[in-house]
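Colleague: Data file target-v5.cif (mmCIF, C-alpha atoms) is appended below.
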data_start
loop_
_atom_site.label_atom_id
_atom_site.label_comp_id
_atom_site.auth_asym_id
_atom_site.auth_seq_id
_atom_site.Cartn_x
_atom_site.Cartn_y
_atom_site.Cartn_z
CA MET A 3 -40.33 -76.68 -9.00
CA THR A 4 -39.94 -73.56 -6.90
CA LYS A 5 -42.78 -74.53 -4.60
CA LYS A 6 -41.18 -77.90 -4.01
CA LYS A 7 -37.94 -76.31 -2.91
CA THR A 8 -39.37 -73.59 -0.71
CA ALA A 9 -42.04 -75.66 1.07
CA ALA A 10 -39.67 -77.79 3.12
CA LEU A 11 -36.16 -79.11 3.17
CA PRO A 12 -35.85 -82.12 0.82
CA ALA A 13 -35.89 -85.60 2.33
CA GLY A 14 -32.57 -86.29 0.62
CA LEU A 15 -30.89 -84.02 3.15
CA ILE A 16 -31.89 -86.42 5.93
CA ALA A 17 -30.11 -89.24 4.07
CA LEU A 18 -26.96 -87.09 3.80
CA ALA A 19 -27.17 -86.12 7.48
CA LEU A 20 -27.54 -89.80 8.43
CA GLY A 21 -24.39 -90.54 6.44
CA GLY A 22 -22.58 -87.77 8.33
CA PHE A 23 -23.78 -89.29 11.60
CA GLY A 24 -22.49 -92.73 10.62
CA ILE A 25 -19.11 -91.34 9.57
CA GLY A 26 -18.78 -89.39 12.80
CA LEU A 27 -19.62 -92.51 14.76
CA THR A 28 -17.07 -94.51 12.75
CA GLU A 29 -14.29 -91.99 13.28
CA PHE A 30 -14.29 -91.92 17.07
CA GLY A 31 -16.51 -94.92 17.83
CA PRO A 32 -13.60 -97.12 18.98
CA VAL A 33 -12.33 -94.52 21.48
CA GLY A 34 -14.57 -95.66 24.33
CA LEU A 35 -14.06 -99.32 23.39
CA LEU A 36 -10.26 -99.44 23.06
CA PRO A 37 -9.75 -101.25 26.39
CA GLN A 38 -12.07 -104.08 25.30
CA ILE A 39 -10.63 -104.24 21.79
CA ALA A 40 -7.05 -104.29 23.12
CA THR A 41 -7.94 -107.15 25.47
CA ASP A 42 -9.80 -109.11 22.81
CA PHE A 43 -6.95 -108.95 20.28
CA SER A 44 -4.19 -109.18 22.94
CA VAL A 45 -2.49 -105.95 21.84
CA THR A 46 -1.12 -103.07 23.86
CA GLU A 47 -3.00 -99.84 24.46
CA SER A 48 -0.76 -97.92 22.09
CA VAL A 49 -1.24 -100.48 19.29
CA ALA A 50 -5.01 -100.36 19.82
CA GLY A 51 -4.75 -96.60 19.33
CA TYR A 52 -3.66 -97.19 15.72
CA LEU A 53 -7.30 -97.95 14.98
CA VAL A 54 -7.83 -94.19 15.42
CA SER A 55 -4.59 -92.90 13.92
CA GLY A 56 -4.72 -95.34 10.97
CA TYR A 57 -8.25 -94.20 10.20
CA ALA A 58 -7.15 -90.56 10.34
CA LEU A 59 -4.27 -91.10 7.90
CA ALA A 60 -6.60 -92.83 5.45
CA VAL A 61 -9.03 -89.90 5.71
CA ALA A 62 -6.19 -87.49 4.99
CA PHE A 63 -5.31 -89.41 1.83
CA GLY A 64 -8.90 -89.82 0.65
CA ALA A 65 -9.85 -86.21 1.40
CA ILE A 66 -7.66 -84.90 -1.40
CA ALA A 67 -7.09 -87.89 -3.69
CA ILE A 68 -10.65 -89.20 -3.97
CA THR A 69 -12.35 -85.80 -4.00
CA ALA A 70 -10.03 -84.54 -6.74
CA ALA A 71 -10.18 -87.76 -8.77
CA PHE A 72 -13.98 -87.71 -8.97
CA SER A 73 -14.57 -83.95 -9.02
CA ARG A 74 -15.97 -84.17 -12.58
CA SER A 75 -18.10 -87.31 -12.01
CA GLU A 76 -21.84 -87.46 -11.40
CA ARG A 77 -22.14 -86.75 -7.69
CA LYS A 78 -24.88 -89.18 -6.71
CA LYS A 79 -22.98 -92.13 -8.19
CA VAL A 80 -19.81 -91.09 -6.40
CA LEU A 81 -21.64 -90.74 -3.08
CA LEU A 82 -23.21 -94.17 -3.43
CA SER A 83 -19.79 -95.67 -4.20
CA LEU A 84 -18.32 -93.97 -1.13
CA VAL A 85 -21.12 -95.30 1.07
CA VAL A 86 -20.36 -98.82 -0.22
CA LEU A 87 -16.77 -98.34 1.02
CA PHE A 88 -18.19 -97.22 4.36
CA ILE A 89 -20.41 -100.32 4.63
CA VAL A 90 -17.70 -102.77 3.57
CA GLY A 91 -15.11 -101.25 5.92
CA ASN A 92 -17.34 -101.39 8.99
CA LEU A 93 -18.55 -104.89 8.09
CA ILE A 94 -14.93 -106.07 7.97
CA SER A 95 -14.32 -104.47 11.40
CA ALA A 96 -17.40 -106.19 12.84
CA LEU A 97 -16.28 -109.60 11.53
CA ALA A 98 -12.53 -109.16 12.12
CA SER A 99 -10.84 -112.21 13.58
CA THR A 100 -7.47 -110.48 13.99
CA TYR A 101 -6.26 -106.99 14.78
CA GLY A 102 -4.74 -106.61 11.31
CA VAL A 103 -8.05 -107.38 9.62
CA MET A 104 -9.84 -104.85 11.80
CA LEU A 105 -7.26 -102.18 10.99
CA ALA A 106 -7.77 -102.89 7.29
CA GLY A 107 -11.52 -102.45 7.74
CA ARG A 108 -10.93 -99.12 9.46
CA ILE A 109 -8.76 -97.88 6.59
CA ILE A 110 -11.33 -98.93 3.95
CA ALA A 111 -14.13 -97.14 5.83
CA ALA A 112 -11.97 -94.02 6.22
CA LEU A 113 -11.48 -93.57 2.49
CA CYS A 114 -15.07 -92.38 2.11
CA HIS A 115 -14.87 -89.72 4.84
CA GLY A 116 -13.45 -86.65 3.08
CA GLY A 117 -15.08 -87.30 -0.28
CA PHE A 118 -18.51 -87.83 1.28
CA PHE A 119 -18.52 -84.43 2.95
CA GLY A 120 -16.85 -82.60 0.07
CA ILE A 121 -19.22 -83.93 -2.60
CA GLY A 122 -22.23 -84.24 -0.31
CA ALA A 123 -22.05 -80.57 0.63
CA VAL A 124 -22.35 -79.59 -3.03
CA LEU A 125 -25.29 -81.95 -3.46
CA ALA A 126 -26.99 -80.60 -0.34
CA ALA A 127 -26.69 -77.03 -1.59
CA SER A 128 -28.10 -77.99 -4.99
CA MET A 129 -31.31 -79.32 -3.40
CA VAL A 130 -32.59 -75.96 -2.19
CA GLU A 131 -32.97 -72.37 -3.33
CA GLU A 132 -30.10 -69.90 -3.00
CA LYS A 133 -31.05 -68.40 0.35
CA LYS A 134 -31.32 -71.85 1.98
CA LYS A 135 -28.05 -73.34 0.73
CA ALA A 136 -26.08 -72.65 3.91
CA GLY A 137 -28.82 -74.17 6.06
CA ALA A 138 -28.90 -77.27 3.88
CA ILE A 139 -25.13 -77.75 4.20
CA SER A 140 -25.32 -77.18 7.96
CA LEU A 141 -28.04 -79.82 8.25
CA MET A 142 -25.88 -82.36 6.47
CA PHE A 143 -22.91 -81.64 8.72
CA ALA A 144 -25.14 -81.72 11.80
CA GLY A 145 -24.80 -85.50 11.62
CA LEU A 146 -21.21 -85.17 12.82
CA THR A 147 -22.21 -83.05 15.79
CA VAL A 148 -25.00 -85.43 16.76
CA ALA A 149 -22.49 -88.30 16.56
CA ASN A 150 -20.22 -86.50 19.03
CA VAL A 151 -23.05 -85.60 21.39
CA VAL A 152 -25.14 -88.79 21.34
CA GLY A 153 -23.79 -91.37 18.92
CA ILE A 154 -20.34 -92.04 20.35
CA PRO A 155 -21.50 -92.37 23.99
CA PHE A 156 -24.39 -94.58 22.84
CA GLY A 157 -22.05 -96.67 20.68
CA THR A 158 -19.75 -97.11 23.66
CA PHE A 159 -22.69 -98.17 25.85
CA VAL A 160 -23.87 -100.70 23.25
CA GLY A 161 -20.35 -102.06 22.89
CA GLN A 162 -19.97 -102.49 26.62
CA GLN A 163 -23.31 -104.27 26.97
CA LEU A 164 -23.26 -106.45 23.83
CA GLY A 165 -19.58 -106.55 22.90
CA TRP A 166 -17.61 -104.05 20.84
CA ARG A 167 -18.54 -105.81 17.59
CA ALA A 168 -22.19 -104.83 18.15
CA THR A 169 -21.23 -101.17 17.70
CA PHE A 170 -19.72 -101.87 14.29
CA TRP A 171 -22.75 -103.94 13.27
CA ALA A 172 -24.93 -100.95 14.19
CA ILE A 173 -22.73 -98.59 12.14
CA THR A 174 -22.93 -101.00 9.19
CA GLY A 175 -26.71 -100.87 9.46
CA ILE A 176 -26.59 -97.06 9.40
CA GLY A 177 -24.52 -97.29 6.22
CA ILE A 178 -27.09 -99.54 4.52
CA ILE A 179 -29.95 -97.18 5.43
CA THR A 180 -27.88 -94.23 4.15
CA PHE A 181 -27.27 -96.01 0.84
CA LEU A 182 -30.98 -96.65 0.37
CA GLY A 183 -31.82 -93.09 1.38
CA ILE A 184 -29.42 -91.57 -1.13
CA GLN A 185 -30.55 -93.99 -3.85
CA PHE A 186 -34.25 -93.17 -3.52
CA LEU A 187 -34.32 -89.65 -2.04
CA VAL A 188 -31.42 -87.82 -3.70
CA GLU A 189 -31.84 -86.71 -7.30
CA ARG A 190 -29.08 -87.05 -9.87
CA SER A 191 -27.09 -83.88 -10.52
CA ARG A 192 -24.53 -82.97 -13.13
CA ALA A 193 -20.97 -82.53 -11.89
CA SER A 194 -19.81 -78.92 -12.05
CA GLU A 195 -16.94 -77.73 -14.17
CA THR A 196 -13.76 -77.12 -12.19
CA ALA A 197 -10.75 -74.92 -12.76
CA GLY A 198 -8.62 -78.04 -13.11
CA LEU A 199 -6.61 -80.03 -10.60
CA ARG A 200 -3.30 -78.38 -11.54
CA THR A 201 -4.74 -74.90 -10.94
CA GLU A 202 -6.24 -75.86 -7.60
CA LEU A 203 -3.08 -77.64 -6.42
CA GLY A 204 -1.23 -74.37 -7.00
CA ALA A 205 -2.95 -73.04 -3.87
CA LEU A 206 -0.92 -75.48 -1.79
CA ARG A 207 2.23 -73.50 -2.57
CA ARG A 208 0.96 -70.41 -0.77
CA PRO A 209 2.82 -69.88 2.53
CA GLN A 210 -0.31 -68.94 4.48
CA VAL A 211 -2.17 -72.02 3.26
CA LEU A 212 0.71 -74.22 4.41
CA LEU A 213 0.92 -72.36 7.73
CA SER A 214 -2.84 -72.75 8.24
CA ALA A 215 -2.55 -76.47 7.55
CA MET A 216 0.27 -76.75 10.11
CA VAL A 217 -1.86 -75.00 12.74
CA SER A 218 -4.71 -77.43 11.99
CA ILE A 219 -2.37 -80.42 12.31
CA LEU A 220 -0.98 -79.32 15.66
CA THR A 221 -4.33 -78.22 17.08
CA PHE A 222 -6.24 -81.41 16.40
CA GLY A 223 -3.14 -83.43 17.19
CA GLY A 224 -3.46 -81.93 20.65
CA VAL A 225 -7.18 -82.57 21.01
CA VAL A 226 -7.20 -86.10 19.59
CA GLY A 227 -3.89 -87.01 21.22
CA ALA A 228 -5.63 -86.52 24.55
CA TYR A 229 -9.01 -87.91 23.53
CA THR A 230 -7.91 -91.18 21.91
CA TYR A 231 -6.80 -92.74 25.20
CA ILE A 232 -9.33 -90.97 27.41
CA ALA A 233 -11.09 -94.23 28.36
CA PHE A 234 -7.83 -95.46 29.93
CA THR A 235 -7.34 -92.13 31.71
CA LEU A 236 -10.87 -92.14 33.11
CA THR A 237 -10.78 -95.72 34.38
CA GLU A 238 -7.12 -96.21 35.35
CA VAL A 239 -6.32 -92.73 36.72
CA SER A 240 -9.58 -91.02 37.62
CA GLY A 241 -11.07 -94.21 39.06
CA PHE A 242 -14.37 -94.18 37.17
CA ALA A 243 -16.09 -97.48 36.46
CA THR A 244 -16.06 -98.68 32.87
CA SER A 245 -19.84 -98.30 32.80
CA SER A 246 -19.43 -94.54 33.45
CA VAL A 247 -17.33 -93.92 30.33
CA PRO A 248 -20.29 -93.42 27.92
CA TRP A 249 -21.75 -90.70 30.14
CA LEU A 250 -18.40 -88.98 30.46
CA LEU A 251 -18.03 -89.05 26.67
CA LEU A 252 -21.46 -87.43 26.50
CA LEU A 253 -20.03 -84.45 28.40
CA PHE A 254 -17.29 -84.18 25.78
CA GLY A 255 -19.87 -84.40 23.00
CA VAL A 256 -22.04 -81.65 24.45
CA GLY A 257 -18.90 -79.55 24.73
CA THR A 258 -18.10 -80.01 21.03
CA PHE A 259 -21.61 -78.80 20.12
CA VAL A 260 -21.29 -75.67 22.25
CA GLY A 261 -17.71 -75.05 21.11
CA ASN A 262 -18.60 -75.21 17.41
CA ILE A 263 -21.26 -72.53 17.80
CA ILE A 264 -19.12 -70.20 19.91
CA GLY A 265 -16.03 -70.76 17.78
CA GLY A 266 -17.91 -69.87 14.59
CA ARG A 267 -19.12 -66.58 16.04
CA LEU A 268 -15.69 -65.66 17.38
CA ALA A 269 -14.04 -66.46 14.06
CA ASP A 270 -16.42 -64.08 12.30
CA ARG A 271 -15.38 -61.23 14.58
CA ALA A 272 -11.60 -61.65 14.63
CA LEU A 273 -10.15 -64.75 12.99
CA ASP A 274 -6.52 -64.96 14.12
CA ARG A 275 -7.11 -63.23 17.43
CA SER A 276 -9.91 -65.63 18.36
CA LEU A 277 -7.84 -68.65 17.29
CA LEU A 278 -4.93 -67.54 19.45
CA GLY A 279 -7.20 -67.05 22.44
CA ILE A 280 -8.87 -70.44 21.99
CA LEU A 281 -5.51 -72.20 21.52
CA ALA A 282 -4.19 -70.63 24.73
CA GLY A 283 -7.35 -71.80 26.48
CA LEU A 284 -6.90 -75.30 25.07
CA VAL A 285 -3.39 -75.52 26.51
CA LEU A 286 -4.68 -74.43 29.92
CA VAL A 287 -7.54 -76.95 29.83
CA LEU A 288 -5.23 -79.85 28.96
CA VAL A 289 -2.69 -78.91 31.62
CA ALA A 290 -5.43 -78.51 34.24
CA PHE A 291 -6.94 -81.86 33.19
CA ALA A 292 -3.57 -83.59 33.56
CA LEU A 293 -2.97 -82.06 36.99
CA SER A 294 -6.47 -82.85 38.31
CA ALA A 295 -7.11 -86.22 36.64
CA THR A 296 -7.49 -87.92 40.04
CA ILE A 297 -10.23 -85.53 41.21
CA TRP A 298 -13.59 -86.83 39.96
CA TRP A 299 -15.51 -83.54 39.90
CA ALA A 300 -12.65 -81.74 38.16
CA VAL A 301 -12.63 -84.46 35.49
CA LEU A 302 -16.31 -83.80 34.76
CA ILE A 303 -15.57 -80.14 34.12
CA ALA A 304 -12.45 -80.95 32.14
CA MET A 305 -14.27 -83.37 29.82
CA PHE A 306 -16.80 -80.71 28.87
CA LEU A 307 -14.14 -78.02 28.44
CA LEU A 308 -11.92 -80.30 26.34
CA GLY A 309 -14.76 -80.77 23.86
CA ALA A 310 -15.85 -77.12 23.95
CA VAL A 311 -12.46 -75.42 23.70
CA GLY A 312 -10.95 -78.07 21.43
CA PHE A 313 -13.71 -77.93 18.82
CA ALA A 314 -14.14 -74.16 19.09
CA THR A 315 -11.00 -74.03 16.97
CA ALA A 316 -12.60 -75.94 14.05
CA PRO A 317 -14.55 -73.08 12.42
CA GLY A 318 -11.58 -70.73 12.52
CA LEU A 319 -9.18 -73.35 11.21
CA GLN A 320 -11.47 -74.09 8.26
CA LEU A 321 -12.11 -70.42 7.59
CA ARG A 322 -8.41 -69.58 7.61
CA VAL A 323 -7.53 -72.15 4.94
CA MET A 324 -10.46 -71.04 2.81
CA HIS A 325 -9.46 -67.40 3.27
CA PHE A 326 -6.07 -67.91 1.67
CA ALA A 327 -7.18 -70.43 -0.97
CA GLY A 328 -10.65 -69.21 -1.88
CA ASP A 329 -10.03 -69.54 -5.61
CA ALA A 330 -9.29 -73.26 -5.17
CA PRO A 331 -12.23 -74.44 -3.05
CA THR A 332 -12.00 -78.19 -3.73
CA VAL A 333 -8.37 -78.58 -2.76
CA ALA A 334 -8.63 -75.99 0.02
CA SER A 335 -11.45 -77.88 1.70
CA GLY A 336 -9.69 -81.20 1.16
CA THR A 337 -6.43 -79.79 2.46
CA ASN A 338 -7.96 -78.78 5.77
CA ILE A 339 -9.73 -82.14 6.15
CA ALA A 340 -6.42 -83.83 5.43
CA ALA A 341 -4.54 -81.57 7.85
CA LEU A 342 -7.02 -82.19 10.67
CA ASN A 343 -6.76 -85.94 10.21
CA VAL A 344 -2.97 -85.93 9.92
CA GLY A 345 -3.13 -84.14 13.26
CA ASN A 346 -5.47 -86.83 14.59
CA ALA A 347 -3.01 -89.52 13.53
CA ILE A 348 0.04 -87.74 14.93
CA GLY A 349 -1.66 -86.99 18.24
CA ALA A 350 -2.87 -90.57 18.70
CA TRP A 351 0.55 -91.92 17.68
CA ILE A 352 2.57 -89.73 20.07
CA GLY A 353 0.07 -90.33 22.87
CA GLY A 354 0.51 -94.07 22.34
CA LEU A 355 4.29 -93.71 22.39
CA ALA A 356 4.07 -91.87 25.70
CA ILE A 357 1.99 -94.67 27.23
CA ALA A 358 4.30 -97.34 25.77
CA ALA A 359 7.27 -95.51 27.30
CA GLY A 360 5.75 -96.01 30.74
CA LEU A 361 4.74 -92.39 31.30
CA GLY A 362 1.25 -93.36 32.41
CA PHE A 363 -2.27 -92.74 31.19
CA VAL A 364 -2.10 -89.02 31.98
CA SER A 365 0.75 -88.56 29.50
CA PRO A 366 -1.53 -88.18 26.42
CA LEU A 367 -2.96 -85.05 28.08
CA TRP A 368 0.55 -83.59 28.36
CA VAL A 369 1.22 -84.55 24.74
CA GLY A 370 -1.96 -82.73 23.76
CA ALA A 371 -0.96 -79.63 25.69
CA ALA A 372 2.46 -79.58 24.00
CA LEU A 373 0.97 -79.89 20.50
CA ALA A 374 -1.64 -77.19 21.19
CA ALA A 375 1.13 -74.91 22.47
CA GLY A 376 3.00 -75.59 19.23
CA ALA A 377 -0.05 -74.49 17.22
CA PHE A 378 -0.20 -71.27 19.24
CA LEU A 379 3.48 -70.53 18.63
CA VAL A 380 3.18 -71.21 14.88
CA LEU A 381 0.21 -68.86 14.50
CA LEU A 382 1.44 -66.07 16.80
CA PRO A 383 4.17 -64.51 14.59
CA THR A 384 2.03 -64.32 11.46
CA SER A 385 -0.85 -62.86 13.46
CA ILE A 386 1.41 -60.15 14.88
CA ALA A 387 2.82 -59.40 11.44
CA SER A 388 -0.69 -59.14 9.97
CA ARG A 389 -1.74 -56.64 12.63
CA ARG A 390 1.32 -54.51 11.99
CA ARG A 391 0.67 -54.50 8.25
CA ALA A 392 -2.96 -53.56 8.85
CA ALA A 393 -1.90 -50.72 11.15
CA ARG A 394 0.49 -49.20 8.57
CA PRO A 395 -1.04 -46.81 6.04
CA PRO A 396 -0.76 -48.07 2.45
CA MET A 397 1.99 -46.66 0.27
CA PRO A 398 0.76 -44.21 -2.38
CA GLY A 399 -0.06 -46.09 -5.56
CA ALA A 400 0.30 -49.51 -3.91
CA PRO A 401 -2.31 -52.09 -4.95
CA ILE A 402 -4.88 -52.97 -2.32
CA GLU A 403 -5.19 -56.71 -1.77
CA GLU A 404 -8.63 -58.00 -1.01
CA PRO A 405 -9.17 -61.39 0.59
CA VAL A 406 -10.51 -63.97 -1.81
CA VAL A 407 -13.16 -65.00 0.67
CA ARG A 408 -14.82 -63.40 3.64
CA PRO A 409 -16.55 -64.80 6.71
CA VAL A 410 -20.32 -64.50 6.73
CA SER A 411 -22.04 -65.91 9.81
CA GLY A 412 -19.71 -68.86 10.09
CA HIS A 413 -19.65 -69.59 6.36
CA VAL A 414 -17.17 -69.04 3.60
CA GLU A 415 -18.19 -67.40 0.37
CA GLY A 416 -16.21 -68.09 -2.77
CA HIS A 417 -15.94 -66.31 -6.08
CA ASP A 418 -18.94 -68.16 -7.49
CA GLY A 419 -21.20 -67.07 -4.64
CA HIS A 420 -21.61 -70.56 -3.17
CA ARG A 421 -21.09 -70.87 0.51
CA GLY A 422 -19.59 -73.71 2.48
CA ASP A 423 -20.20 -74.44 6.13
CA VAL A 424 -17.45 -73.71 8.57
CA ALA A 425 -19.38 -72.99 11.74
CA SER A 426 -20.30 -76.63 12.14
CA GLY A 427 -16.70 -77.66 12.40
CA ALA A 428 -17.55 -80.44 10.03
CA PRO A 429 -14.43 -80.71 7.97
CA ARG A 430 -12.78 -83.36 10.18
#
For the file at hand, write its structure as structure tokens.
Modeller:
Amino acid sequence: MTKKKTAALPAGLIALALGGFGIGLTEFGPVGLLPQIATDFSVTESVAGYLVSGYALAVAFGAIAITAAFSRSERKKVLLSLVVLFIVGNLISALASTYGVMLAGRIIAALCHGGFFGIGAVLAASMVEEKKKAGAISLMFAGLTVANVVGIPFGTFVGQQLGWRATFWAITGIGIITFLGIQFLVERSRASETAGLRTELGALRRPQVLLSAMVSILTFGGVVGAYTYIAFTLTEVSGFATSSVPWLLLLFGVGTFVGNIIGGRLADRALDRSLLGILAGLVLVLVAFALSATIWWAVLIAMFLLGAVGFATAPGLQLRVMHFAGDAPTVASGTNIAALNVGNAIGAWIGGLAIAAGLGFVSPLWVGAALAAGAFLVLLPTSIASRRRAARPPMPGAPIEEPVVRPVSGHVEGHDGHRGDVASGAPR
């Protein structure tokens, strides 16, 4: 058995990574196709944006509710059930005859998102020996990064050439292959014992957990608020041809890959300080993008920086929630996934309101800058207070509080010694 684990990474990990790729493609796949979808269903740009925000809200619900409800179930069966939701949801979107039906398909597909990564990460870690667990989890979450870098631009290109429905047919096919891969390549595993849902939910009452969740909401509200309507900005303001959108999204995707790596390393060195610096940089990038949206070469730079700086926050945001709720890993992880997707929904919603109000297709960038500035202002006071407490010598006889988790090379280590990936920025 040992030789089997140490010789090579199990094939089941590829099936899990493929599922992560499909989910990443599903999440932001419609972004580059919103103009075509809006035209086809005769809806406004802001209403079309609900296909992104509605998905995000469903992810937020499923991240906590589904993961907690099935935390004691056999993991392979749960994963297969979640992949069925993924397939059915994308199939409905591909066949949708009305906007309402497509939105319903998006919501059904979204319900698998949080649970798949929460349960799949545990399964991935169980496939390998102790020293390879972090690498196994990272490989699974790599599917999300690949979706941002290659999948979304390619999906946009396919949709533009063959119609937007073709993209959803392709995603449905990925779901079927993932189901078969998990069925035949992933071994059954016994669900682990948990501390109990009531105990884990108690972590949500901690002020720093709530504050961390608020920072996550505002940060990704800023990033996604700008990104959801970026196809309109690029074509209607910057003057790019529709055929150029996939390649511009590729710049964003490459930026997210670079940002995740850099953000993980910075978070290891100084968590709050690095987050504050990145958030300030995000505000500057969004403002600069809004001011230079008519300059083609500046837009190229801005697209890369939006992905890099925006997603550099992800490791630190995940690590911060885990830091203050390390004894409740299931709910802590689900809480951050939920917070990020609530932010996605809020950002897309407010960006749509700005467009509907006649403020133009640059307005989502200003919305994003405002939300990112809000995240900075929420985090700043607690960061200053923490530094002052750290600078003061402890009172004689006062108990020394140790953090429940600590960053180790972009990963979080809990009380049981298992590590979860944060450097990949996967928990969206």
Colleague: Find the residues around Ala149 in chain A up to 10 Å (all atoms listed in the file counted), leave out those fewer than 3 positions away in its own chain, and share them as a list of chain:residue names.
Modeller: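 Selected residues are A:Leu20, A:Gly22, A:Phe23, A:Gly24, A:Ile25, A:Gly26, A:Leu27, A:Thr28, A:Glu29, A:Phe30, A:Gly31, A:Ala144, A:Gly145, A:Leu146, A:Val152, A:Gly153, A:Ile154, A:Pro155, A:Phe156, A:Gly157, A:Gly255.
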Colleague: Hey, what's within 9 Å of Val226 in chain A if we count all atoms listed in the file and toss same-chain stuff fewer than 2 positions away? As a ChimeraX atom specification, please?
Modeller: /A:221-224,228-231,345-350,370
Colleague: Next, write the just-selected residues to a file, as a compact mmCIF listing (two decimals), keeping the file's coordinate frame, keeping C-alpha atoms as the atom set.
Modeller:
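Result file again.txt:
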# COMPACT_ATOMS: atom_id res chain seq x y z
CA THR A 221 -4.33 -78.22 17.08
CA PHE A 222 -6.24 -81.41 16.40
CA GLY A 223 -3.14 -83.43 17.19
CA GLY A 224 -3.46 -81.93 20.65
CA ALA A 228 -5.63 -86.52 24.55
CA TYR A 229 -9.01 -87.91 23.53
CA THR A 230 -7.91 -91.18 21.91
CA TYR A 231 -6.80 -92.74 25.20
CA GLY A 345 -3.13 -84.14 13.26
CA ASN A 346 -5.47 -86.83 14.59
CA ALA A 347 -3.01 -89.52 13.53
CA ILE A 348 0.04 -87.74 14.93
CA GLY A 349 -1.66 -86.99 18.24
CA ALA A 350 -2.87 -90.57 18.70
CA GLY A 370 -1.96 -82.73 23.76
Colleague: Could you tell me, as number ranges by chain, exactly which residues end up selected when the PyMOL selection byres ((chain A and resi 375) around 12) is applied to this structure?
Modeller: A: 217, 220-225, 278-289, 368-374, 376-382
Colleague: For the point (-5.6, -70.9, 4.9) in the file's frame, write as a list in words all residues with an atom no more than 9 Å away, counting only C-alpha atoms.
Modeller: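 Protein and nucleic acid residues near the point are Arg208, Pro209, Gln210, Val211, Leu212, Leu213, Ser214, Ala215, Leu319, Gln320, Leu321, Arg322, Val323, Met324, His325, Phe326, Ala327, Gly328, Ala334 and Asn338 of chain A.
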Colleague: Could you jot down the CA of Leu36 in chain A to CA of Val344 in chain A separation for me, Å, one decimal place?
Modeller: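 Separation between CA of Leu36 in chain A and CA of Val344 in chain A: 20.2 Å.
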Colleague: Rounded to one decimal, what separation in Å do you get between CA of Gly165 in chain A and CA of Gly257 in chain A?
Modeller: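 These atoms are spaced 27.1 Å apart.
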Colleague: What's the separation between CA of Gly362 in chain A and CA of Thr296 in chain A, in Å to one decimal place?
Modeller: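 According to the coordinates, CA of Gly362 in chain A and CA of Thr296 in chain A are separated by 12.8 Å.
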Colleague: Set the distance at 10 Å and use all atoms listed in the file: which residues neighbour Arg167 in chain A once local chain neighbours fewer than 6 positions away are removed? I'd like the list as number ranges by chain.
Modeller: A: 35, 39, 92-93, 95-98, 160-161, 173
Colleague: What does the file look like for those residues with C-alpha atoms, as an mmCIF file, keeping the file's coordinate frame?
Modeller:
data_model
loop_
_atom_site.group_PDB
_atom_site.id
_atom_site.type_symbol
_atom_site.label_atom_id
_atom_site.label_comp_id
_atom_site.auth_asym_id
_atom_site.auth_seq_id
_atom_site.Cartn_x
_atom_site.Cartn_y
_atom_site.Cartn_z
ATOM 1 C CA LEU A 35 -14.060 -99.320 23.390
ATOM 2 C CA ILE A 39 -10.630 -104.240 21.790
ATOM 3 C CA ASN A 92 -17.340 -101.390 8.990
ATOM 4 C CA LEU A 93 -18.550 -104.890 8.090
ATOM 5 C CA SER A 95 -14.320 -104.470 11.400
ATOM 6 C CA ALA A 96 -17.400 -106.190 12.840
ATOM 7 C CA LEU A 97 -16.280 -109.600 11.530
ATOM 8 C CA ALA A 98 -12.530 -109.160 12.120
ATOM 9 C CA VAL A 160 -23.870 -100.700 23.250
ATOM 10 C CA GLY A 161 -20.350 -102.060 22.890
ATOM 11 C CA ILE A 173 -22.730 -98.590 12.140
#
Colleague: List the neighbours of Ala243 in chain A out to 12 Å using all atoms listed in the file; skip same-chain residues closer than 6 positions along the sequence, and give me the result as a list in words.
Modeller: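 Everything that qualifies: Gln162, Ala233, Phe234, Thr235, Leu236, Thr237, Trp249, Leu250 and Trp298 of chain A.
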Colleague: Of the residues A:Leu355, A:Ile339, A:Ile94, A:Pro12, which is the one nearest to Glu131 in chain A, using only C-alpha atoms?
Modeller: A:Pro12
Colleague: For the structure provided, state which residues fall under the PyMOL selection byres ((chain A and resi 142) around 9), and present them as an MDAnalysis selection string.
Modeller: chainID A and resid 15:23 119 122:123 126 137:141 143:146
Colleague: If the PyMOL selection byres ((chain A and resi 53) around 9) is run on the structure shown, which residues does it catch, given as an MDAnalysis selection string?
Modeller: chainID A and resid 32:33 36 49:52 54:58 104:105 108:109
Colleague: So which one's closest to Ser75 in chain A, A:Thr244, A:Arg190, A:Ala168, A:Pro317? Using all atoms listed in the file, please.
Modeller: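 Smallest distance to Ser75 in chain A is found for A:Arg190.
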Colleague: Using all atoms listed in the file, pick whichever of A:Ser240, A:Thr384, A:Gln38, A:Thr100 has the shortest atom-to-atom distance to Ile297 in chain A.
Modeller: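 Ranking A:Ser240, A:Thr384, A:Gln38, A:Thr100 by distance to Ile297 in chain A, first place goes to A:Ser240.
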Colleague: Do you know which residues are at most 8 Å from Ile178 in chain A counting only C-alpha atoms, after dropping those on the same chain fewer than 4 positions away, and could you put them as a PDB file with C-alpha atoms, in the coordinates of the input?
Modeller:
ATOM      1  CA  ILE A  89     -20.410-100.320   4.630  1.00  0.00           C
ATOM      2  CA  THR A 174     -22.930-101.000   9.190  1.00  0.00           C
ATOM      3  CA  LEU A 182     -30.980 -96.650   0.370  1.00  0.00           C
TER       4      LEU A 182
END
Colleague: Give the padded box for range 210-218 of chain A as AutoDock Vina command-line options: axis-aligned, covering all atoms listed in the file, 5 Å on each side, centre and edge lengths in Å to one decimal.
Modeller:
--center_x -1.9 --center_y -73.2 --center_z 8.0 --size_x 15.6 --size_y 18.5 --size_z 19.5
